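With mmCIF, C-alpha atoms inside, this is entry-v7.cif:
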data_coords
#
loop_
_atom_site.group_PDB
_atom_site.id
_atom_site.type_symbol
_atom_site.label_atom_id
_atom_site.label_comp_id
_atom_site.auth_asym_id
_atom_site.auth_seq_id
_atom_site.Cartn_x
_atom_site.Cartn_y
_atom_site.Cartn_z
ATOM 1 C CA MET A 279 -9.905 -27.456 79.897
ATOM 2 C CA ALA A 280 -7.481 -30.340 79.485
ATOM 3 C CA ASP A 281 -9.013 -33.765 78.893
ATOM 4 C CA ASN A 282 -7.325 -36.047 81.427
ATOM 5 C CA ASP A 283 -10.025 -38.676 81.962
ATOM 6 C CA GLY A 284 -7.930 -41.463 80.444
ATOM 7 C CA VAL A 285 -4.927 -40.539 82.586
ATOM 8 C CA LEU A 286 -6.991 -40.590 85.779
ATOM 9 C CA ALA A 287 -8.412 -43.997 84.863
ATOM 10 C CA ALA A 288 -4.923 -45.334 84.143
ATOM 11 C CA ALA A 289 -3.630 -44.022 87.478
ATOM 12 C CA GLU A 290 -6.308 -46.087 89.220
ATOM 13 C CA ALA A 291 -5.589 -49.185 87.115
ATOM 14 C CA TRP A 292 -1.826 -48.919 87.695
ATOM 15 C CA ARG A 293 -2.068 -48.225 91.420
ATOM 16 C CA GLY A 294 1.042 -49.421 93.276
ATOM 17 C CA ALA A 295 3.338 -49.359 90.226
ATOM 18 C CA LYS A 296 6.184 -46.904 89.744
ATOM 19 C CA MET A 297 5.053 -44.096 87.443
ATOM 20 C CA ALA A 298 5.998 -40.670 86.162
ATOM 21 C CA LEU A 299 3.595 -37.866 85.315
ATOM 22 C CA ALA A 300 4.280 -35.331 82.559
ATOM 23 C CA THR A 301 2.272 -32.099 82.599
ATOM 24 C CA VAL A 302 2.119 -29.167 80.195
ATOM 25 C CA VAL A 303 2.808 -26.191 82.472
ATOM 26 C CA THR A 304 3.387 -23.422 79.906
ATOM 27 C CA THR A 305 2.162 -22.839 76.354
ATOM 28 C CA TRP A 306 2.712 -20.137 73.790
ATOM 29 C CA GLY A 307 1.337 -19.743 70.272
ATOM 30 C CA SER A 308 -0.246 -22.695 68.521
ATOM 31 C CA ALA A 309 0.643 -25.247 71.169
ATOM 32 C CA PRO A 310 -0.873 -28.645 70.330
ATOM 33 C CA ARG A 311 -2.198 -29.383 73.843
ATOM 34 C CA PRO A 312 -3.520 -26.974 76.527
ATOM 35 C CA ARG A 313 -1.909 -26.238 79.863
ATOM 36 C CA GLY A 314 -2.681 -28.958 82.373
ATOM 37 C CA SER A 315 -2.582 -31.809 79.862
ATOM 38 C CA HIS A 316 -1.038 -34.975 81.275
ATOM 39 C CA LEU A 317 0.857 -38.000 80.039
ATOM 40 C CA LEU A 318 1.211 -40.819 82.586
ATOM 41 C CA VAL A 319 4.016 -43.360 82.121
ATOM 42 C CA HIS A 320 4.138 -46.815 83.743
ATOM 43 C CA GLU A 321 7.450 -48.368 84.749
ATOM 44 C CA ASP A 322 6.975 -51.071 82.080
ATOM 45 C CA GLY A 323 6.773 -48.437 79.328
ATOM 46 C CA ARG A 324 3.020 -48.220 78.913
ATOM 47 C CA PHE A 325 1.619 -44.714 78.791
ATOM 48 C CA GLU A 326 -1.704 -42.875 78.688
ATOM 49 C CA GLY A 327 -2.513 -39.320 77.645
ATOM 50 C CA SER A 328 -0.632 -36.742 75.611
ATOM 51 C CA VAL A 329 1.319 -33.533 76.117
ATOM 52 C CA SER A 330 1.787 -32.583 72.473
ATOM 53 C CA GLY A 331 -0.436 -34.720 70.285
ATOM 54 C CA GLY A 332 2.607 -36.839 69.378
ATOM 55 C CA CYS A 333 5.212 -34.163 68.649
ATOM 56 C CA VAL A 334 7.513 -34.538 71.668
ATOM 57 C CA GLU A 335 6.178 -37.706 73.255
ATOM 58 C CA THR A 336 9.236 -39.819 72.405
ATOM 59 C CA ASP A 337 11.544 -37.442 74.250
ATOM 60 C CA ILE A 338 9.131 -37.163 77.179
ATOM 61 C CA LEU A 339 8.853 -40.956 77.448
ATOM 62 C CA GLN A 340 12.634 -41.229 77.689
ATOM 63 C CA THR A 341 12.734 -38.519 80.352
ATOM 64 C CA ALA A 342 9.925 -40.241 82.253
ATOM 65 C CA ALA A 343 11.850 -43.522 82.247
ATOM 66 C CA GLU A 344 14.828 -41.698 83.767
ATOM 67 C CA VAL A 345 12.614 -40.101 86.449
ATOM 68 C CA ILE A 346 11.077 -43.472 87.297
ATOM 69 C CA ALA A 347 14.636 -44.848 87.647
ATOM 70 C CA GLY A 348 15.480 -42.152 90.209
ATOM 71 C CA ALA A 349 16.431 -39.020 88.292
ATOM 72 C CA PRO A 350 15.020 -35.763 89.711
ATOM 73 C CA ALA A 351 11.900 -34.115 88.332
ATOM 74 C CA VAL A 352 12.598 -31.775 85.443
ATOM 75 C CA VAL A 353 10.922 -29.087 83.347
ATOM 76 C CA LYS A 354 11.661 -29.438 79.637
ATOM 77 C CA ASP A 355 11.136 -26.601 77.153
ATOM 78 C CA TYR A 356 10.294 -27.118 73.492
ATOM 79 C CA GLY A 357 9.891 -24.411 70.861
ATOM 80 C CA VAL A 358 10.478 -23.703 67.188
ATOM 81 C CA ALA A 359 13.300 -21.306 67.979
ATOM 82 C CA ASP A 360 15.223 -24.247 69.383
ATOM 83 C CA ALA A 361 16.933 -26.639 66.985
ATOM 84 C CA ALA A 362 16.454 -29.388 69.540
ATOM 85 C CA ALA A 363 12.709 -28.790 69.427
ATOM 86 C CA TRP A 364 12.696 -29.500 65.713
ATOM 87 C CA GLU A 365 14.647 -32.678 66.316
ATOM 88 C CA VAL A 366 11.915 -33.991 68.635
ATOM 89 C CA GLY A 367 9.240 -32.756 66.277
ATOM 90 C CA LEU A 368 7.446 -29.558 67.376
ATOM 91 C CA PRO A 369 6.839 -27.906 63.987
ATOM 92 C CA CYS A 370 3.480 -26.351 64.830
ATOM 93 C CA GLY A 371 4.907 -22.923 65.592
ATOM 94 C CA GLY A 372 4.204 -22.991 69.326
ATOM 95 C CA GLN A 373 6.218 -23.429 72.469
ATOM 96 C CA ILE A 374 5.546 -25.627 75.484
ATOM 97 C CA ALA A 375 7.151 -26.422 78.822
ATOM 98 C CA VAL A 376 6.538 -29.889 80.249
ATOM 99 C CA LEU A 377 7.115 -30.902 83.854
ATOM 100 C CA VAL A 378 8.043 -34.563 84.386
ATOM 101 C CA GLN A 379 7.625 -35.752 88.001
ATOM 102 C CA PRO A 380 7.713 -39.070 89.786
ATOM 103 C CA VAL A 381 4.337 -40.230 91.099
ATOM 104 C CA ALA A 382 5.722 -40.219 94.618
ATOM 105 C CA ALA A 383 5.930 -38.112 97.758
ATOM 106 C CA ASN A 384 8.745 -36.024 96.257
ATOM 107 C CA GLY A 385 6.729 -35.188 93.141
ATOM 108 C CA PHE A 386 3.047 -35.891 92.500
ATOM 109 C CA PRO A 387 1.921 -37.894 95.565
ATOM 110 C CA PRO A 388 -0.280 -40.833 94.478
ATOM 111 C CA GLU A 389 -2.962 -39.910 97.014
ATOM 112 C CA LEU A 390 -3.663 -36.798 94.918
ATOM 113 C CA PHE A 391 -5.216 -39.070 92.296
ATOM 114 C CA ASP A 392 -7.609 -40.375 94.955
ATOM 115 C CA ALA A 393 -8.561 -36.842 96.000
ATOM 116 C CA ILE A 394 -9.152 -35.828 92.378
ATOM 117 C CA ARG A 395 -11.253 -38.922 91.731
ATOM 118 C CA GLU A 396 -13.390 -38.358 94.847
ATOM 119 C CA ALA A 397 -14.009 -34.690 94.046
ATOM 120 C CA ARG A 398 -15.015 -35.426 90.473
ATOM 121 C CA ALA A 399 -17.345 -38.219 91.599
ATOM 122 C CA GLU A 400 -19.052 -35.685 93.871
ATOM 123 C CA GLY A 401 -19.480 -33.271 90.952
ATOM 124 C CA ARG A 402 -17.080 -30.628 92.219
ATOM 125 C CA PRO A 403 -13.844 -29.262 90.734
ATOM 126 C CA ILE A 404 -10.550 -29.563 92.559
ATOM 127 C CA GLU A 405 -7.264 -27.675 92.123
ATOM 128 C CA VAL A 406 -3.744 -29.018 92.543
ATOM 129 C CA GLY A 407 -0.860 -26.568 92.796
ATOM 130 C CA THR A 408 2.731 -27.347 91.830
ATOM 131 C CA ASP A 409 5.778 -25.393 92.947
ATOM 132 C CA LEU A 410 7.914 -25.363 89.809
ATOM 133 C CA THR A 411 11.016 -24.724 91.887
ATOM 134 C CA THR A 412 10.683 -27.744 94.171
ATOM 135 C CA ARG A 413 8.556 -29.559 91.556
ATOM 136 C CA GLN A 414 6.212 -30.884 94.199
ATOM 137 C CA SER A 415 2.414 -30.917 93.965
ATOM 138 C CA ALA A 416 -0.269 -30.511 96.622
ATOM 139 C CA ILE A 417 -3.938 -29.655 96.924
ATOM 140 C CA GLY A 418 -4.151 -25.938 97.524
ATOM 141 C CA GLY A 419 -0.517 -25.486 96.559
ATOM 142 C CA SER A 420 0.786 -22.402 94.786
ATOM 143 C CA GLY A 421 2.678 -21.953 91.543
ATOM 144 C CA PHE A 422 1.272 -23.786 88.545
ATOM 145 C CA VAL A 423 -2.357 -24.606 89.364
ATOM 146 C CA ASN A 424 -4.198 -27.334 87.486
ATOM 147 C CA ARG A 425 -7.970 -27.580 87.762
ATOM 148 C CA TYR A 426 -9.772 -30.897 87.423
ATOM 149 C CA ASP A 427 -13.437 -30.481 86.574
ATOM 150 C CA PRO A 428 -16.114 -33.151 87.031
ATOM 151 C CA PRO A 429 -16.435 -35.566 84.092
ATOM 152 C CA ARG A 430 -18.746 -34.371 81.339
ATOM 153 C CA ARG A 431 -22.145 -36.049 81.064
ATOM 154 C CA LEU A 432 -25.009 -35.926 78.605
ATOM 155 C CA LEU A 433 -28.594 -36.779 79.541
ATOM 156 C CA ILE A 434 -30.676 -37.290 76.391
ATOM 157 C CA VAL A 435 -34.431 -37.260 76.904
ATOM 158 C CA GLY A 436 -36.291 -39.104 74.155
ATOM 159 C CA ALA A 437 -34.919 -42.274 72.553
ATOM 160 C CA VAL A 438 -35.479 -41.065 68.986
ATOM 161 C CA GLN A 439 -33.313 -41.313 65.863
ATOM 162 C CA ILE A 440 -31.461 -38.073 66.562
ATOM 163 C CA ALA A 441 -30.659 -39.444 70.021
ATOM 164 C CA GLN A 442 -28.969 -42.461 68.421
ATOM 165 C CA ALA A 443 -26.630 -40.245 66.422
ATOM 166 C CA LEU A 444 -26.039 -37.861 69.325
ATOM 167 C CA ALA A 445 -25.175 -40.712 71.696
ATOM 168 C CA GLY A 446 -22.577 -41.965 69.202
ATOM 169 C CA LEU A 447 -20.987 -38.536 68.858
ATOM 170 C CA ALA A 448 -20.904 -38.093 72.635
ATOM 171 C CA ARG A 449 -19.170 -41.446 73.012
ATOM 172 C CA GLU A 450 -16.430 -40.365 70.586
ATOM 173 C CA LEU A 451 -16.076 -37.119 72.572
ATOM 174 C CA GLY A 452 -15.616 -39.042 75.819
ATOM 175 C CA ILE A 453 -18.874 -37.754 77.300
ATOM 176 C CA ALA A 454 -20.740 -40.269 79.462
ATOM 177 C CA THR A 455 -24.271 -40.540 78.087
ATOM 178 C CA THR A 456 -27.601 -41.629 79.531
ATOM 179 C CA VAL A 457 -30.714 -41.907 77.366
ATOM 180 C CA ILE A 458 -33.959 -41.386 79.284
ATOM 181 C CA ASP A 459 -37.343 -42.492 77.977
ATOM 182 C CA PRO A 460 -40.256 -44.220 79.747
ATOM 183 C CA ARG A 461 -41.340 -45.782 76.436
ATOM 184 C CA GLY A 462 -39.874 -49.281 76.429
ATOM 185 C CA ARG A 463 -40.226 -49.823 72.684
ATOM 186 C CA PHE A 464 -37.943 -46.858 72.020
ATOM 187 C CA LEU A 465 -35.402 -47.495 74.777
ATOM 188 C CA THR A 466 -33.600 -50.693 73.799
ATOM 189 C CA GLU A 467 -29.984 -51.846 73.907
ATOM 190 C CA GLU A 468 -30.232 -52.756 70.236
ATOM 191 C CA ARG A 469 -30.961 -49.133 69.339
ATOM 192 C CA PHE A 470 -28.464 -47.704 71.858
ATOM 193 C CA PRO A 471 -25.529 -50.109 72.225
ATOM 194 C CA GLY A 472 -23.053 -49.258 74.951
ATOM 195 C CA VAL A 473 -25.204 -46.447 76.365
ATOM 196 C CA THR A 474 -26.755 -46.221 79.833
ATOM 197 C CA LEU A 475 -30.537 -46.513 79.536
ATOM 198 C CA ASP A 476 -33.017 -45.100 82.063
ATOM 199 C CA ASP A 477 -36.743 -45.863 81.744
ATOM 200 C CA ARG A 478 -37.922 -43.622 84.581
ATOM 201 C CA TRP A 479 -40.064 -40.579 83.931
ATOM 202 C CA PRO A 480 -37.674 -37.813 82.877
ATOM 203 C CA ASP A 481 -38.244 -35.512 85.857
ATOM 204 C CA GLU A 482 -37.488 -38.396 88.239
ATOM 205 C CA ALA A 483 -34.439 -39.522 86.264
ATOM 206 C CA VAL A 484 -32.929 -36.054 85.816
ATOM 207 C CA THR A 485 -33.456 -35.176 89.473
ATOM 208 C CA ALA A 486 -31.825 -38.436 90.595
ATOM 209 C CA LEU A 487 -28.836 -37.900 88.300
ATOM 210 C CA LYS A 488 -28.192 -34.408 89.755
ATOM 211 C CA PRO A 489 -26.897 -32.539 86.688
ATOM 212 C CA ASP A 490 -24.027 -30.156 87.432
ATOM 213 C CA PRO A 491 -22.153 -27.551 85.347
ATOM 214 C CA ALA A 492 -20.382 -30.379 83.485
ATOM 215 C CA THR A 493 -23.706 -31.969 82.483
ATOM 216 C CA ALA A 494 -25.892 -31.342 79.428
ATOM 217 C CA VAL A 495 -29.607 -32.134 79.284
ATOM 218 C CA VAL A 496 -31.091 -32.284 75.791
ATOM 219 C CA THR A 497 -34.765 -33.044 75.163
ATOM 220 C CA LEU A 498 -35.628 -34.647 71.828
ATOM 221 C CA SER A 499 -38.930 -36.498 72.229
ATOM 222 C CA HIS A 500 -41.230 -33.762 70.805
ATOM 223 C CA ASP A 501 -43.743 -34.852 73.485
ATOM 224 C CA PRO A 502 -44.391 -32.032 75.998
ATOM 225 C CA LYS A 503 -45.379 -34.589 78.646
ATOM 226 C CA ILE A 504 -41.851 -35.985 78.458
ATOM 227 C CA ASP A 505 -39.733 -32.982 77.493
ATOM 228 C CA ASP A 506 -41.281 -30.302 79.719
ATOM 229 C CA ALA A 507 -40.882 -32.334 82.897
ATOM 230 C CA ALA A 508 -37.227 -32.992 82.062
ATOM 231 C CA LEU A 509 -36.538 -29.323 81.370
ATOM 232 C CA ILE A 510 -38.109 -28.220 84.656
ATOM 233 C CA ALA A 511 -35.949 -30.757 86.506
ATOM 234 C CA ALA A 512 -32.797 -29.698 84.631
ATOM 235 C CA LEU A 513 -33.408 -26.004 85.364
ATOM 236 C CA ALA A 514 -33.697 -26.784 89.082
ATOM 237 C CA HIS A 515 -30.003 -27.725 89.010
ATOM 238 C CA PRO A 516 -26.847 -25.873 87.848
ATOM 239 C CA THR A 517 -26.971 -27.805 84.565
ATOM 240 C CA GLY A 518 -24.262 -26.604 82.192
ATOM 241 C CA TYR A 519 -26.187 -26.920 78.937
ATOM 242 C CA VAL A 520 -29.970 -27.204 78.545
ATOM 243 C CA ALA A 521 -31.453 -27.550 75.074
ATOM 244 C CA ALA A 522 -34.716 -28.604 73.458
ATOM 245 C CA LEU A 523 -35.393 -29.744 69.917
ATOM 246 C CA GLY A 524 -38.045 -27.950 67.898
ATOM 247 C CA SER A 525 -38.797 -24.938 65.762
ATOM 248 C CA ARG A 526 -38.823 -21.349 66.979
ATOM 249 C CA ARG A 527 -42.609 -21.562 67.124
ATOM 250 C CA SER A 528 -42.516 -24.680 69.280
ATOM 251 C CA GLN A 529 -39.866 -23.050 71.474
ATOM 252 C CA ALA A 530 -42.131 -20.050 72.051
ATOM 253 C CA ALA A 531 -45.005 -22.352 72.999
ATOM 254 C CA ARG A 532 -42.667 -24.324 75.277
ATOM 255 C CA LEU A 533 -41.508 -21.206 77.103
ATOM 256 C CA GLU A 534 -45.110 -20.168 77.587
ATOM 257 C CA ARG A 535 -46.014 -23.558 79.099
ATOM 258 C CA LEU A 536 -42.988 -23.619 81.386
ATOM 259 C CA GLY A 537 -43.569 -20.044 82.494
ATOM 260 C CA ALA A 538 -47.146 -20.940 83.400
ATOM 261 C CA ALA A 539 -45.741 -23.883 85.371
ATOM 262 C CA GLY A 540 -43.718 -21.469 87.511
ATOM 263 C CA VAL A 541 -40.297 -21.464 85.807
ATOM 264 C CA SER A 542 -38.643 -18.061 86.165
ATOM 265 C CA ALA A 543 -37.721 -15.874 83.210
ATOM 266 C CA GLN A 544 -34.065 -16.213 84.196
ATOM 267 C CA ASP A 545 -34.244 -20.002 84.002
ATOM 268 C CA LEU A 546 -36.252 -19.942 80.777
ATOM 269 C CA ALA A 547 -33.398 -17.993 79.193
ATOM 270 C CA ARG A 548 -31.079 -20.904 79.920
ATOM 271 C CA ILE A 549 -32.895 -23.158 77.442
ATOM 272 C CA GLU A 550 -31.324 -23.239 73.991
ATOM 273 C CA GLY A 551 -34.122 -23.715 71.494
ATOM 274 C CA PRO A 552 -34.016 -24.727 68.788
ATOM 275 C CA ALA A 553 -31.175 -26.915 70.073
ATOM 276 C CA GLY A 554 -27.793 -26.769 68.355
ATOM 277 C CA LEU A 555 -25.600 -24.434 66.352
ATOM 278 C CA SER A 556 -27.014 -23.046 63.120
ATOM 279 C CA ILE A 557 -25.149 -25.050 60.471
ATOM 280 C CA GLY A 558 -28.007 -25.687 58.048
ATOM 281 C CA ALA A 559 -28.329 -29.217 59.388
ATOM 282 C CA ILE A 560 -30.459 -31.676 57.441
ATOM 283 C CA GLY A 561 -31.362 -35.103 58.785
ATOM 284 C CA PRO A 562 -30.797 -36.738 62.187
ATOM 285 C CA SER A 563 -27.001 -37.081 61.997
ATOM 286 C CA GLU A 564 -26.378 -33.444 61.052
ATOM 287 C CA ILE A 565 -28.851 -32.202 63.668
ATOM 288 C CA ALA A 566 -27.040 -34.341 66.249
ATOM 289 C CA LEU A 567 -23.738 -32.822 65.108
ATOM 290 C CA SER A 568 -25.098 -29.298 65.571
ATOM 291 C CA ILE A 569 -26.270 -30.155 69.086
ATOM 292 C CA ALA A 570 -22.959 -31.788 70.007
ATOM 293 C CA ALA A 571 -21.071 -28.720 68.749
ATOM 294 C CA ALA A 572 -23.261 -26.353 70.778
ATOM 295 C CA MET A 573 -22.821 -28.515 73.859
ATOM 296 C CA VAL A 574 -19.029 -28.552 73.554
ATOM 297 C CA LYS A 575 -18.960 -24.804 72.883
ATOM 298 C CA THR A 576 -20.952 -24.196 76.071
ATOM 299 C CA PHE A 577 -18.760 -26.506 78.131
ATOM 300 C CA HIS A 578 -15.634 -24.643 76.972
ATOM 301 C CA ALA A 579 -17.209 -21.245 77.624
ATOM 302 C CA ASP A 580 -17.933 -22.217 81.225
ATOM 303 C CA SER A 581 -14.612 -23.939 81.978
#
I'd like the structure from this file rewritten - as structure tokens, please.
Amino acid sequence: MADNDGVLAAAEAWRGAKMALATVVTTWGSAPRPRGSHLLVHEDGRFEGSVSGGCVETDILQTAAEVIAGAPAVVKDYGVADAAAWEVGLPCGGQIAVLVQPVAANGFPPELFDAIREARAEGRPIEVGTDLTTRQSAIGGSGFVNRYDPPRRLLIVGAVQIAQALAGLARELGIATTVIDPRGRFLTEERFPGVTLDDRWPDEAVTALKPDPATAVVTLSHDPKIDDAALIAALAHPTGYVAALGSRRSQAARLERLGAAGVSAQDLARIEGPAGLSIGAIGPSEIALSIAAAMVKTFHADS
């Protein structure tokens, strides 16, 4: 899945300006960015996003300026077999093709950004197809199809020390995070700067936030009164990643309690416990890292 959140935000901020959109439409080998990655260029030279991690951006920016000035849309190929590719700096051993279109009716119509934004806000994916012959894009179009998934979210239940580290990692990963805890002494802005805080009971909060396949719910409080209710609420939705902190023994006891509460065996199997990848983690920061890695791995597996 290509990470285009910054590009979509820039498209909204630059609404009404002349722009060009570059998109990776083909990759081969160790390409630095996946298919569907965007770079959006403003008429004043500002840009957001990346199509190569920096390798060919200078050439793409020049092409984008020409498209904004009226040149037709173009597909540009870069690869190590091409001397020109080395000149613009693609030494990674891969090959990419990048489409550069005007953000206009004869390329990528600006109203497509609105449709993508609305779909993602509703928690549903949307696909935009681009005919690489005409180089025009449309919802439901054929040719190169780019899928835009809902933005990733993380709901952390339990405002504990591990939650502080996990919230920081999620922020760096671009995952919108909410920390849920009815205990006011734990849930403070001082302990969780820049994070959305929710002091409702976890089952109420999780249900109201409607977790979808792009959402993770991780329980960390160690208090069954808090964690169990959140897990039951998360399992009632198509939550992408559900995990609970604790030992294997506490996980077995948790599954027994939830089963007695009416949770099906199929849903119980969705809970990762102990939470996180097995990396020999010691201390809150390393445990948070293991959980973040497991969450990202699950998101990629389902995308």
*How would you write, as a ChimeraX atom specification, the residues chosen by the PyMOL selection byres ((chain A and resi 519-521) around 8) on this structure?*
/A:491,493-497,509,512-513,517-518,522-523,548-554,573,576-577
Report as a short mmCIF file (atom, residue, chain, number, x, y, z; two decimals) with C-alpha atoms, keeping the file's coordinate frame the residues that result from applying the PyMOL selection byres ((chain A and resi 407-422) around 8) to the structure here.
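Done, and the output landed in out21.cif:
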data_model
loop_
_atom_site.label_atom_id
_atom_site.label_comp_id
_atom_site.auth_asym_id
_atom_site.auth_seq_id
_atom_site.Cartn_x
_atom_site.Cartn_y
_atom_site.Cartn_z
CA VAL A 303 2.81 -26.19 82.47
CA ALA A 351 11.90 -34.12 88.33
CA VAL A 352 12.60 -31.78 85.44
CA LEU A 377 7.12 -30.90 83.85
CA GLN A 379 7.62 -35.75 88.00
CA ASN A 384 8.74 -36.02 96.26
CA GLY A 385 6.73 -35.19 93.14
CA PHE A 386 3.05 -35.89 92.50
CA PRO A 387 1.92 -37.89 95.56
CA LEU A 390 -3.66 -36.80 94.92
CA ILE A 404 -10.55 -29.56 92.56
CA GLU A 405 -7.26 -27.68 92.12
CA VAL A 406 -3.74 -29.02 92.54
CA VAL A 423 -2.36 -24.61 89.36
CA ASN A 424 -4.20 -27.33 87.49
#
*asked:* Every residue with an atom at most 10 Å from (-34.4, -47.8, 77.1) (file coordinates; all atoms listed in the file) is what I'm after, so could you write them as a list of chain:residue names?
replied: A:Gly436, A:Ala437, A:Thr456, A:Val457, A:Ile458, A:Asp459, A:Pro460, A:Arg461, A:Gly462, A:Arg463, A:Phe464, A:Leu465, A:Thr466, A:Glu467, A:Glu468, A:Arg469, A:Phe470, A:Val473, A:Thr474, A:Leu475, A:Asp476, A:Asp477, A:Arg478
_Expected answer as JSON, numbers by chain: all residues with atoms within 12 Å of (-16.2, -36.8, 67.5), all atoms listed in the file_ = {"A": [443, 444, 445, 446, 447, 448, 449, 450, 451, 452, 453, 566, 567, 568, 570, 571, 574]}
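The smallest atom-to-atom distance between Ile440 in chain A and any of A:Arg395, A:His500, A:Arg425, A:Lys488, using all atoms listed in the file, is found for A:His500.
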*Select, from A:Asp481, A:Asp490, A:Asp322, A:Glu389, the residue with the minimum atom-to-atom distance to Pro428 in chain A, counting only C-alpha atoms.*
A:Asp490
Exercise on range 329-347 of chain A, axis-aligned box with 6 Å per side, report centre and edge lengths in Å to one decimal, as AutoDock Vina command-line options:
--center_x 7.2 --center_y -38.7 --center_z 78.1 --size_x 27.3 --size_y 24.3 --size_z 31.0
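One finds CA of Leu555 in chain A at 28.0 Å from CA of Gly540 in chain A.
Applied to the file shown here, the PyMOL selection byres ((chain A and resi 455) around 6) selects A:Arg431, A:Leu432, A:Leu433, A:Ala454, A:Thr456.
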